[in-house]
Amino acid sequence: MYAMGDGVPKDMLMAYVWWSLAKAKEENSAIKNIGIAESRLTAQEIAEGQVLAARRYESGYVDCD
């Protein structure tokens with residue numbers, strides 16, 4: 001969705017966040033696709049994405065803005 005801008009603005013950082021969450025649940029497509037995001041993000045953006053993913057997970061997906 002975010003990686004392609006399908007219904008939302010294209011945003012590789014947000015794609016990374018959601019693929020990270022899906023990867024934690026061992027979703028095969030996320031395991032494959034997260035590498036795409038990682039190749040297009042800086043180390044700082046990846047670190048930010050990890051923080052955002054953790055925040056979403058810990059809030060029960062309530063804190064998703």
# chains A, B, ... in the order shown; residues from 1 in each chain; ligands from 1

$ residues_around --residues "Tyr16 of chain A" --least-positions-apart "4" --cutoff "9 Å" --atoms "only C-alpha atoms" --output "list in words"
Tyr2, Ala3, Asp11, Met12, Ser20, Leu21, Asn33, Ile34, Gly35, Ile36, Ala37, Glu38, Leu41, Ile46, Gly49, Gln50 and Ala53 of chain A

$ select_by_dssp --residues "chain A" --states "alpha helix (DSSP H)" --output "JSON, numbers by chain"
{"A": [12, 13, 14, 15, 16, 17, 18, 19, 20, 21, 22, 23, 24, 28, 29, 30, 31, 32, 33, 34, 35, 36, 37, 38, 39, 40, 43, 44, 45, 46, 47, 48, 49, 50, 51, 52, 53, 54, 55, 56, 57, 58]}

$ residues_around --residues "Ile31 of chain A" --least-positions-apart "6" --cutoff "8 Å" --atoms "only C-alpha atoms" --output "PyMOL selection string"
chain A and resi 19+22-23

$ write_last_selection --atoms "N, CA and C atoms" --output "PDB file, in the first residue's frame"
ATOM      1  N   TRP A  19       5.582  -3.380   7.174  1.00  0.00           N
ATOM      2  CA  TRP A  19       6.230  -4.649   6.837  1.00  0.00           C
ATOM      3  C   TRP A  19       6.973  -5.200   8.054  1.00  0.00           C
ATOM      4  N   ALA A  22       4.384  -6.876  10.173  1.00  0.00           N
ATOM      5  CA  ALA A  22       3.951  -8.123   9.535  1.00  0.00           C
ATOM      6  C   ALA A  22       5.058  -9.175   9.590  1.00  0.00           C
ATOM      7  N   LYS A  23       6.303  -8.744   9.456  1.00  0.00           N
ATOM      8  CA  LYS A  23       7.434  -9.678   9.535  1.00  0.00           C
ATOM      9  C   LYS A  23       7.488 -10.325  10.914  1.00  0.00           C
TER      10      LYS A  23
END

$ closest_residue --among "A:Ala30, A:Ala43, A:Met4, A:Met14" --to "Cys64 of chain A" --atoms "only C-alpha atoms"
A:Met14

$ atom_distance --atom1 "atom CA of Val51 of chain A" --atom2 "atom CA of Asn28 of chain A"
22.1 Å

$ decode --residues "segment 18-33 of chain A" --atoms "N, CA and C atoms" --output "mmCIF file, in the first residue's frame"
data_model
loop_
_atom_site.group_PDB
_atom_site.id
_atom_site.type_symbol
_atom_site.label_atom_id
_atom_site.label_comp_id
_atom_site.auth_asym_id
_atom_site.auth_seq_id
_atom_site.Cartn_x
_atom_site.Cartn_y
_atom_site.Cartn_z
ATOM 1 N N TRP A 18 5.047 -0.973 8.515
ATOM 2 C CA TRP A 18 4.009 -2.011 8.452
ATOM 3 C C TRP A 18 4.584 -3.359 8.046
ATOM 4 N N TRP A 19 5.582 -3.380 7.174
ATOM 5 C CA TRP A 19 6.230 -4.649 6.837
ATOM 6 C C TRP A 19 6.973 -5.200 8.054
ATOM 7 N N SER A 20 7.541 -4.322 8.886
ATOM 8 C CA SER A 20 8.207 -4.783 10.106
ATOM 9 C C SER A 20 7.223 -5.481 11.029
ATOM 10 N N LEU A 21 6.060 -4.894 11.192
ATOM 11 C CA LEU A 21 5.032 -5.496 12.042
ATOM 12 C C LEU A 21 4.561 -6.828 11.470
ATOM 13 N N ALA A 22 4.384 -6.876 10.173
ATOM 14 C CA ALA A 22 3.951 -8.123 9.535
ATOM 15 C C ALA A 22 5.058 -9.175 9.590
ATOM 16 N N LYS A 23 6.303 -8.744 9.456
ATOM 17 C CA LYS A 23 7.434 -9.678 9.535
ATOM 18 C C LYS A 23 7.488 -10.325 10.914
ATOM 19 N N ALA A 24 7.171 -9.559 11.945
ATOM 20 C CA ALA A 24 7.173 -10.096 13.308
ATOM 21 C C ALA A 24 6.140 -11.210 13.462
ATOM 22 N N LYS A 25 5.124 -11.186 12.607
ATOM 23 C CA LYS A 25 4.108 -12.239 12.614
ATOM 24 C C LYS A 25 4.411 -13.305 11.567
ATOM 25 N N GLU A 26 5.629 -13.243 11.020
ATOM 26 C CA GLU A 26 6.131 -14.211 10.041
ATOM 27 C C GLU A 26 5.306 -14.266 8.756
ATOM 28 N N GLU A 27 4.812 -13.113 8.332
ATOM 29 C CA GLU A 27 4.108 -13.021 7.053
ATOM 30 C C GLU A 27 5.139 -13.110 5.930
ATOM 31 N N ASN A 28 4.990 -14.092 5.063
ATOM 32 C CA ASN A 28 5.991 -14.343 4.012
ATOM 33 C C ASN A 28 6.226 -13.142 3.111
ATOM 34 N N SER A 29 5.184 -12.444 2.707
ATOM 35 C CA SER A 29 5.372 -11.310 1.805
ATOM 36 C C SER A 29 6.160 -10.193 2.492
ATOM 37 N N ALA A 30 5.938 -10.002 3.789
ATOM 38 C CA ALA A 30 6.664 -8.967 4.516
ATOM 39 C C ALA A 30 8.128 -9.334 4.647
ATOM 40 N N ILE A 31 8.403 -10.592 4.905
ATOM 41 C CA ILE A 31 9.784 -11.055 5.028
ATOM 42 C C ILE A 31 10.539 -10.768 3.735
ATOM 43 N N LYS A 32 9.872 -10.956 2.618
ATOM 44 C CA LYS A 32 10.476 -10.701 1.309
ATOM 45 C C LYS A 32 10.579 -9.205 1.027
ATOM 46 N N ASN A 33 9.515 -8.465 1.298
ATOM 47 C CA ASN A 33 9.433 -7.070 0.884
ATOM 48 C C ASN A 33 10.167 -6.092 1.782
#
